[in-house]
$ cat final_29.txt   # compact mmCIF, C-alpha atoms and all ligand atoms
# COMPACT_ATOMS: atom_id res chain seq x y z
CA VAL A 19 -18.16 7.78 0.62
CA PRO A 20 -19.10 9.06 -2.89
CA LYS A 21 -16.43 9.48 -5.55
CA GLY A 22 -14.35 12.60 -4.99
CA GLU A 23 -15.05 12.86 -1.27
CA VAL A 24 -12.37 12.40 1.36
CA ILE A 25 -11.96 8.71 2.21
CA LEU A 26 -8.66 8.76 4.10
CA GLU A 27 -7.32 11.66 6.08
CA VAL A 28 -3.86 11.96 7.60
CA GLU A 29 -4.01 14.70 10.21
CA ARG A 30 -0.89 16.31 11.69
CA LEU A 31 0.76 12.91 12.01
CA SER A 32 4.14 12.51 13.73
CA LYS A 33 6.21 9.45 14.56
CA ALA A 34 9.41 9.51 16.60
CA PHE A 35 11.81 6.57 16.79
CA GLY A 36 13.92 7.56 19.80
CA GLY A 37 15.36 10.92 18.85
CA LEU A 38 14.54 10.57 15.15
CA LEU A 39 11.36 12.20 13.82
CA ALA A 40 10.58 9.89 10.91
CA VAL A 41 7.26 11.60 10.19
CA CYS A 42 6.69 15.18 11.29
CA ASP A 43 3.34 17.00 11.36
CA LEU A 44 2.21 15.38 8.11
CA SER A 45 -1.26 16.11 6.76
CA PHE A 46 -2.90 15.12 3.48
CA GLN A 47 -6.19 13.77 2.21
CA LEU A 48 -7.00 10.96 -0.15
CA ARG A 49 -10.23 11.33 -2.17
CA ARG A 50 -12.27 8.35 -3.26
CA GLY A 51 -11.33 7.17 -6.73
CA GLU A 52 -8.05 9.05 -7.05
CA VAL A 53 -4.50 7.79 -7.40
CA LEU A 54 -2.28 9.82 -5.09
CA GLY A 55 1.51 9.56 -5.28
CA LEU A 56 3.62 9.81 -2.14
CA ILE A 57 7.20 10.51 -3.14
CA GLY A 58 10.43 11.67 -1.55
CA PRO A 59 14.09 10.71 -1.22
CA ASN A 60 15.11 7.57 0.70
CA GLY A 61 14.43 7.94 4.40
CA ALA A 62 11.81 10.65 3.84
CA GLY A 63 9.27 8.72 5.91
CA LYS A 64 7.04 7.19 3.21
CA SER A 65 7.02 3.61 4.53
CA THR A 66 6.60 4.91 8.08
CA CYS A 67 3.56 6.84 6.86
CA PHE A 68 2.13 3.56 5.47
CA ASN A 69 2.89 1.86 8.78
CA LEU A 70 1.05 4.61 10.65
CA ILE A 71 -1.99 4.36 8.39
CA THR A 72 -2.14 0.56 8.61
CA GLY A 73 -1.65 0.24 12.36
CA VAL A 74 1.86 -1.25 12.28
CA HIS A 75 2.98 1.77 14.33
CA ALA A 76 0.94 3.99 16.62
CA PRO A 77 1.56 7.69 15.90
CA THR A 78 3.45 9.79 18.45
CA LYS A 79 1.01 12.57 17.60
CA GLY A 80 -1.84 13.08 15.18
CA GLN A 81 -4.61 10.99 13.77
CA VAL A 82 -5.63 8.95 10.73
CA ARG A 83 -9.30 8.97 9.73
CA PHE A 84 -10.88 6.46 7.38
CA LYS A 85 -14.35 7.44 6.20
CA GLY A 86 -14.47 9.93 9.04
CA GLN A 87 -13.60 7.42 11.73
CA ALA A 88 -10.37 7.65 13.77
CA ILE A 89 -8.30 4.51 13.14
CA SER A 90 -4.91 5.33 14.72
CA GLY A 91 -3.96 2.83 17.37
CA LEU A 92 -6.09 0.02 15.90
CA ALA A 93 -4.34 -3.28 15.17
CA PRO A 94 -3.19 -3.90 11.57
CA PHE A 95 -5.72 -6.72 11.32
CA THR A 96 -8.57 -4.37 12.21
CA VAL A 97 -7.43 -1.66 9.81
CA HIS A 98 -7.27 -4.26 7.03
CA GLU A 99 -10.74 -5.47 7.96
CA LYS A 100 -12.10 -1.93 7.63
CA GLY A 101 -11.03 -1.80 3.99
CA ILE A 102 -7.42 -0.63 3.75
CA GLY A 103 -5.14 -3.07 1.93
CA ARG A 104 -1.39 -2.68 1.49
CA THR A 105 1.74 -4.18 0.03
CA PHE A 106 5.17 -4.06 1.63
CA GLN A 107 8.36 -2.62 0.21
CA HIS A 108 9.96 -6.04 0.79
CA PRO A 109 7.40 -8.72 -0.12
CA HIS A 110 6.06 -10.56 2.93
CA LEU A 111 5.32 -13.98 1.47
CA PHE A 112 5.39 -17.53 2.82
CA PRO A 113 7.74 -19.29 0.39
CA GLU A 114 6.64 -22.83 1.27
CA MET A 115 2.96 -22.07 0.74
CA THR A 116 1.36 -21.95 -2.68
CA VAL A 117 0.64 -18.74 -4.55
CA LEU A 118 -3.09 -19.32 -3.94
CA GLU A 119 -2.61 -19.91 -0.20
CA ASN A 120 -0.53 -16.74 0.09
CA ALA A 121 -3.25 -14.75 -1.67
CA ALA A 122 -5.89 -16.35 0.57
CA LEU A 123 -4.13 -14.96 3.65
CA GLY A 124 -5.48 -11.60 2.53
CA THR A 125 -9.10 -12.73 2.79
CA TYR A 126 -9.02 -13.75 6.43
CA ALA A 127 -9.43 -10.16 7.48
CA ARG A 128 -13.02 -10.53 6.38
CA THR A 129 -13.89 -14.04 7.50
CA ARG A 130 -15.34 -14.29 10.96
CA ALA A 131 -13.58 -17.52 11.78
CA GLY A 132 -10.24 -15.95 11.00
CA MET A 133 -6.98 -17.28 9.84
CA LEU A 134 -6.44 -19.93 12.49
CA SER A 135 -9.54 -21.97 11.78
CA CYS A 136 -8.91 -21.64 8.07
CA LEU A 137 -5.37 -22.92 8.44
CA LEU A 138 -6.58 -25.74 10.63
CA GLY A 139 -9.27 -26.50 8.10
CA THR A 140 -11.97 -26.37 10.77
CA ASN A 141 -14.32 -24.27 8.69
CA ARG A 142 -14.54 -25.80 5.25
CA ARG A 143 -17.11 -23.42 3.86
CA GLU A 144 -15.13 -20.31 4.80
CA GLU A 145 -11.95 -21.92 3.58
CA ALA A 146 -13.52 -22.60 0.19
CA ALA A 147 -14.87 -19.04 0.01
CA ALA A 148 -11.44 -17.64 0.92
CA LEU A 149 -9.75 -19.72 -1.76
CA SER A 150 -12.19 -18.69 -4.46
CA GLU A 151 -11.82 -15.00 -3.56
CA ALA A 152 -8.05 -15.47 -3.58
CA TYR A 153 -8.25 -17.12 -7.00
CA ARG A 154 -10.22 -14.16 -8.37
CA ALA A 155 -7.57 -11.82 -6.98
CA LEU A 156 -4.87 -13.86 -8.74
CA GLU A 157 -6.84 -13.56 -11.98
CA ARG A 158 -6.98 -9.79 -11.57
CA VAL A 159 -3.19 -9.53 -11.39
CA GLY A 160 -2.55 -12.23 -14.00
CA LEU A 161 -1.11 -14.91 -11.71
CA ALA A 162 -3.93 -17.48 -11.82
CA GLU A 163 -1.87 -19.92 -13.89
CA LEU A 164 0.68 -20.12 -11.09
CA ALA A 165 -1.91 -20.61 -8.33
CA HIS A 166 -0.59 -24.01 -7.27
CA HIS A 167 3.12 -23.21 -7.51
CA LYS A 168 5.12 -22.49 -4.37
CA ALA A 169 5.47 -18.76 -3.73
CA GLY A 170 9.18 -19.22 -3.05
CA GLY A 171 9.77 -20.04 -6.70
CA LEU A 172 8.33 -16.80 -8.06
CA ALA A 173 10.44 -14.16 -9.77
CA LEU A 174 10.52 -10.76 -8.04
CA GLY A 175 8.00 -9.22 -10.43
CA GLN A 176 5.58 -12.05 -9.74
CA GLN A 177 6.14 -11.74 -5.98
CA ARG A 178 5.15 -8.10 -6.21
CA LEU A 179 1.99 -9.02 -8.12
CA LEU A 180 1.20 -11.65 -5.50
CA GLU A 181 1.52 -9.01 -2.79
CA ILE A 182 -1.05 -6.95 -4.67
CA ALA A 183 -3.31 -9.99 -5.11
CA ARG A 184 -3.16 -10.69 -1.38
CA ALA A 185 -4.17 -7.10 -0.66
CA LEU A 186 -6.98 -7.32 -3.24
CA ALA A 187 -8.33 -10.58 -1.85
CA SER A 188 -10.01 -8.68 0.98
CA SER A 189 -11.71 -6.28 -1.53
CA PRO A 190 -10.12 -3.12 -0.09
CA GLU A 191 -11.54 0.33 -0.78
CA VAL A 192 -8.10 1.89 -0.37
CA LEU A 193 -4.90 0.23 -1.56
CA LEU A 194 -1.45 1.36 -0.38
CA LEU A 195 1.40 0.27 -2.67
CA ASP A 196 4.95 0.60 -1.28
CA GLU A 197 7.49 0.63 -4.14
CA PRO A 198 5.66 -1.94 -6.27
CA ALA A 199 7.98 -1.29 -9.23
CA ALA A 200 11.29 -1.67 -7.36
CA GLY A 201 13.50 -4.20 -9.10
CA LEU A 202 11.09 -4.74 -11.99
CA ARG A 203 12.15 -4.74 -15.63
CA ALA A 204 10.73 -2.14 -18.02
CA ALA A 205 8.11 -4.50 -19.49
CA GLU A 206 7.00 -5.56 -16.01
CA LYS A 207 6.66 -1.91 -15.00
CA LEU A 208 4.36 -1.25 -17.95
CA GLU A 209 2.27 -4.26 -16.94
CA LEU A 210 2.14 -2.96 -13.36
CA ALA A 211 1.08 0.50 -14.53
CA ARG A 212 -1.75 -1.07 -16.55
CA LEU A 213 -2.84 -3.05 -13.49
CA ILE A 214 -2.88 0.04 -11.24
CA ARG A 215 -4.89 1.95 -13.86
CA ARG A 216 -7.37 -0.91 -14.07
CA LEU A 217 -7.78 -1.04 -10.28
CA ALA A 218 -8.33 2.70 -10.15
CA ALA A 219 -10.92 2.42 -12.93
CA GLU A 220 -12.71 -0.21 -10.85
CA GLY A 221 -13.03 2.38 -8.11
CA ILE A 222 -10.18 1.45 -5.78
CA THR A 223 -8.49 4.47 -4.25
CA VAL A 224 -4.70 4.12 -4.52
CA LEU A 225 -1.83 5.63 -2.54
CA LEU A 226 1.34 4.91 -4.48
CA VAL A 227 4.94 5.14 -3.28
CA ASP A 228 7.64 4.56 -5.86
CA HIS A 229 11.02 5.90 -6.93
CA ASP A 230 10.27 5.51 -10.64
CA MET A 231 9.13 9.04 -11.44
CA ASP A 232 7.94 8.17 -14.95
CA LEU A 233 5.71 5.47 -13.51
CA VAL A 234 4.38 7.64 -10.69
CA MET A 235 3.82 10.80 -12.72
CA GLY A 236 2.11 8.82 -15.47
CA LEU A 237 -0.38 7.28 -13.04
CA VAL A 238 -1.30 9.77 -10.38
CA ASP A 239 -3.85 12.58 -10.16
CA ARG A 240 -1.89 14.38 -7.45
CA VAL A 241 1.40 13.99 -5.58
CA VAL A 242 2.48 14.63 -2.00
CA VAL A 243 6.24 15.12 -1.65
CA MET A 244 7.94 14.24 1.64
CA HIS A 245 11.40 15.26 2.78
CA TYR A 246 12.90 14.46 6.19
CA GLY A 247 9.50 13.41 7.48
CA GLU A 248 7.71 16.61 6.48
CA LYS A 249 5.45 17.50 3.60
CA LEU A 250 7.53 19.56 1.19
CA ALA A 251 4.94 20.06 -1.55
CA GLU A 252 1.60 18.86 -2.86
CA GLY A 253 -0.07 19.24 -6.21
CA THR A 254 -0.50 17.86 -9.69
CA PRO A 255 2.55 16.15 -11.25
CA ARG A 256 3.13 19.25 -13.35
CA GLU A 257 3.01 21.61 -10.35
CA VAL A 258 5.28 19.43 -8.26
CA GLN A 259 7.86 18.80 -10.99
CA LYS A 260 8.56 22.50 -11.43
CA ASN A 261 8.62 23.29 -7.70
CA PRO A 262 12.18 24.51 -6.85
CA LYS A 263 12.02 23.01 -3.32
CA VAL A 264 11.24 19.60 -4.80
CA ILE A 265 14.00 19.84 -7.40
CA GLU A 266 16.49 20.82 -4.70
CA ALA A 267 15.45 17.95 -2.39
CA TYR A 268 16.07 15.43 -5.15
CA LEU A 269 19.32 16.99 -6.38
CA GLY A 270 20.67 17.12 -2.83
CA GLN A 271 20.15 13.39 -2.39
P1 LIG B 301 11.20 5.89 3.22
O1 LIG B 301 10.22 4.79 3.12
O2 LIG B 301 10.71 7.21 2.76
O3 LIG B 301 12.52 5.55 2.57
P2 LIG B 301 11.16 5.23 6.05
O4 LIG B 301 9.79 5.58 6.48
O5 LIG B 301 11.47 3.81 5.82
O6 LIG B 301 11.55 6.11 4.77
O7 LIG B 301 12.19 5.77 7.12
C1 LIG B 301 12.14 7.10 7.62
C2 LIG B 301 13.20 7.22 8.72
O8 LIG B 301 12.76 6.49 9.85
C3 LIG B 301 14.55 6.66 8.33
O9 LIG B 301 15.54 7.47 8.90
C4 LIG B 301 14.53 5.28 8.94
O10 LIG B 301 15.83 4.84 9.25
C5 LIG B 301 13.70 5.50 10.20
N1 LIG B 301 12.95 4.31 10.62
C6 LIG B 301 11.97 3.69 9.92
N2 LIG B 301 11.45 2.67 10.60
C7 LIG B 301 12.11 2.64 11.80
C8 LIG B 301 12.03 1.80 12.96
N3 LIG B 301 11.14 0.79 13.02
N4 LIG B 301 12.87 2.06 13.98
C9 LIG B 301 13.74 3.08 13.91
N5 LIG B 301 13.87 3.91 12.87
C10 LIG B 301 13.07 3.69 11.80
MG MG B 302 10.26 2.98 2.16
$ encode --input "final_29.txt" --output "structure tokens"
Amino acid sequence: VPKGEVILEVERLSKAFGGLLAVCDLSFQLRRGEVLGLIGPNGAGKSTCFNLITGVHAPTKGQVRFKGQAISGLAPFTVHEKGIGRTFQHPHLFPEMTVLENAALGTYARTRAGMLSCLLGTNRREEAAALSEAYRALERVGLAELAHHKAGGLALGQQRLLEIARALASSPEVLLLDEPAAGLRAAEKLELARLIRRLAAEGITVLLVDHDMDLVMGLVDRVVVMHYGEKLAEGTPREVQKNPKVIEAYLGQ
């Protein structure tokens, strides 16, 4: 997909949890090379949207297309393998494993032998390749010096970077970041913003969820605003920030 063309398409997506419509008739497009913000008050359906894109949940209605191909209903592993990486709002790390091993878990999407044989050490060549890709991902986020430390000992800011490294280890074309700045100190947020800008400059397409409006508005090309599962507004940061419906949704929180 050339730069500027649609790479990921969310098409009239809905997800019901029992009687609750967490995502309701949501449509938007992500163009290759852009940074798109997905914002909205707590409970608006942002993480559910990520879970629908990445195969954690199957949609109740609607479709997700990646490079023109329908991907809804595929397993998370398969979606990851196709080139969509993500981080979680609450870091999903293995505290007893090293930083490098945690990052390497992100590469198994692309190795034929898969995670099991790598963990069992039955395929040395693939294991070595996975570890060197993981190490490069750690270098990209600035964690290489801690490669052999246990992940459980990392500070929150470092855990969030490790989540990003794990997603990068599979060389994704699209990267979904779910509240990467939550709990970070101001200096760490600036570092994170620089990292996201660098990744975008390298050609990775980014979908960014965060509550820090200064961070989001300073990084994104466009924003989609969600409220109670629906799309409330879409546009440039400037357009969205002066939209009365958006202002009201945030004030009413
Ligand atoms: P956001 O990330 O925007 O804060 P979420 O997508 O996490 O919002 O949640 C949207 C709504 O869906 C909330 O009301 C939440 O409680 C509900 N929800 C999310 N995941 C589940 C689930 N697995 N089961 C039931 N309800 C859920
Ligand atoms: Mg969330």
$ residues_near_ligand --input "final_29.txt" --ligand "ligand LIG 301 (chain B)" --cutoff "10 Å" --atoms "only C-alpha atoms and all ligand atoms" --output "ChimeraX atom specification"
/A:33-41,56-70,74-75,107,196-197,227-229,244-247
$ write_last_selection --input "final_29.txt" --atoms "C-alpha atoms" --output "short mmCIF file (atom, residue, chain, number, x, y, z; two decimals), in the frame of the given file"
data_model
loop_
_atom_site.label_atom_id
_atom_site.label_comp_id
_atom_site.auth_asym_id
_atom_site.auth_seq_id
_atom_site.Cartn_x
_atom_site.Cartn_y
_atom_site.Cartn_z
CA LYS A 33 6.21 9.45 14.56
CA ALA A 34 9.41 9.51 16.60
CA PHE A 35 11.81 6.57 16.79
CA GLY A 36 13.92 7.56 19.80
CA GLY A 37 15.36 10.92 18.85
CA LEU A 38 14.54 10.57 15.15
CA LEU A 39 11.36 12.20 13.82
CA ALA A 40 10.58 9.89 10.91
CA VAL A 41 7.26 11.60 10.19
CA LEU A 56 3.62 9.81 -2.14
CA ILE A 57 7.20 10.51 -3.14
CA GLY A 58 10.43 11.67 -1.55
CA PRO A 59 14.09 10.71 -1.22
CA ASN A 60 15.11 7.57 0.70
CA GLY A 61 14.43 7.94 4.40
CA ALA A 62 11.81 10.65 3.84
CA GLY A 63 9.27 8.72 5.91
CA LYS A 64 7.04 7.19 3.21
CA SER A 65 7.02 3.61 4.53
CA THR A 66 6.60 4.91 8.08
CA CYS A 67 3.56 6.84 6.86
CA PHE A 68 2.13 3.56 5.47
CA ASN A 69 2.89 1.86 8.78
CA LEU A 70 1.05 4.61 10.65
CA VAL A 74 1.86 -1.25 12.28
CA HIS A 75 2.98 1.77 14.33
CA GLN A 107 8.36 -2.62 0.21
CA ASP A 196 4.95 0.60 -1.28
CA GLU A 197 7.49 0.63 -4.14
CA VAL A 227 4.94 5.14 -3.28
CA ASP A 228 7.64 4.56 -5.86
CA HIS A 229 11.02 5.90 -6.93
CA MET A 244 7.94 14.24 1.64
CA HIS A 245 11.40 15.26 2.78
CA TYR A 246 12.90 14.46 6.19
CA GLY A 247 9.50 13.41 7.48
#
$ atom_distance --input "final_29.txt" --atom1 "atom CA of Val28 of chain A" --atom2 "atom CA of Val238 of chain A"
18.3 Å
$ closest_residue --input "final_29.txt" --among "A:Leu186, A:Gly171, A:Lys100, A:Phe106" --to "Ala122 of chain A" --atoms "all atoms listed in the file"
A:Leu186
$ closest_residue --input "final_29.txt" --among "A:Pro198, A:Gly86, A:Pro190, A:Gly124" --to "ligand MG 302 (chain B)" --atoms "all atoms listed in the file"
A:Pro198
$ closest_residue --input "final_29.txt" --among "A:Leu195, A:Leu233, A:Leu156, A:Leu250" --to "ligand MG 302 (chain B)" --atoms "all atoms listed in the file"
A:Leu195
$ atom_distance --input "final_29.txt" --atom1 "atom CA of Ile25 of chain A" --atom2 "atom CA of Ile71 of chain A"
12.5 Å
$ residues_near_point --input "final_29.txt" --point "(-1.1, 14.6, 13.4)" --cutoff "10 Å" --atoms "all atoms listed in the file" --output "PyMOL selection string"
chain A and resi 28-33+41-45+77-82
$ residues_around --input "final_29.txt" --residues "Glu99 of chain A" --least-positions-apart "2" --cutoff "12 Å" --atoms "only C-alpha atoms" --output "PyMOL selection string"
chain A and resi 72-73+84+89+92-97+101-104+124-130+132+185-192
$ residues_around --input "final_29.txt" --residues "Ile265 of chain A" --least-positions-apart "3" --cutoff "12 Å" --atoms "all atoms listed in the file" --output "list of chain:residue names"
A:Gly58, A:Pro59, A:Val243, A:His245, A:Leu250, A:Ala251, A:Glu257, A:Val258, A:Gln259, A:Lys260, A:Asn261, A:Pro262, A:Tyr268, A:Leu269, A:Gly270, A:Gln271
$ closest_residue --input "final_29.txt" --among "A:Val241, A:Leu179, A:Leu193, A:Val53" --to "Arg158 of chain A" --atoms "only C-alpha atoms"
A:Leu179
$ atom_distance --input "final_29.txt" --atom1 "atom CA of Ala148 of chain A" --atom2 "atom CA of Arg178 of chain A"
20.4 Å
$ closest_residue --input "final_29.txt" --among "A:Arg49, A:His108, A:Arg83, A:Arg154" --to "Gly201 of chain A" --atoms "all atoms listed in the file"
A:His108
$ closest_residue --input "final_29.txt" --among "A:Leu237, A:Glu23, A:Arg212, A:Gln177" --to "Ala200 of chain A" --atoms "all atoms listed in the file"
A:Gln177
$ residues_around --input "final_29.txt" --residues "Arg240 of chain A" --least-positions-apart "6" --cutoff "9 Å" --atoms "all atoms listed in the file" --output "ChimeraX atom specification"
/A:52-56,252-255,258
$ write_last_selection --input "final_29.txt" --atoms "C-alpha atoms" --output "compact mmCIF listing (two decimals), in the frame of the given file"
# COMPACT_ATOMS: atom_id res chain seq x y z
CA GLU A 52 -8.05 9.05 -7.05
CA VAL A 53 -4.50 7.79 -7.40
CA LEU A 54 -2.28 9.82 -5.09
CA GLY A 55 1.51 9.56 -5.28
CA LEU A 56 3.62 9.81 -2.14
CA GLU A 252 1.60 18.86 -2.86
CA GLY A 253 -0.07 19.24 -6.21
CA THR A 254 -0.50 17.86 -9.69
CA PRO A 255 2.55 16.15 -11.25
CA VAL A 258 5.28 19.43 -8.26
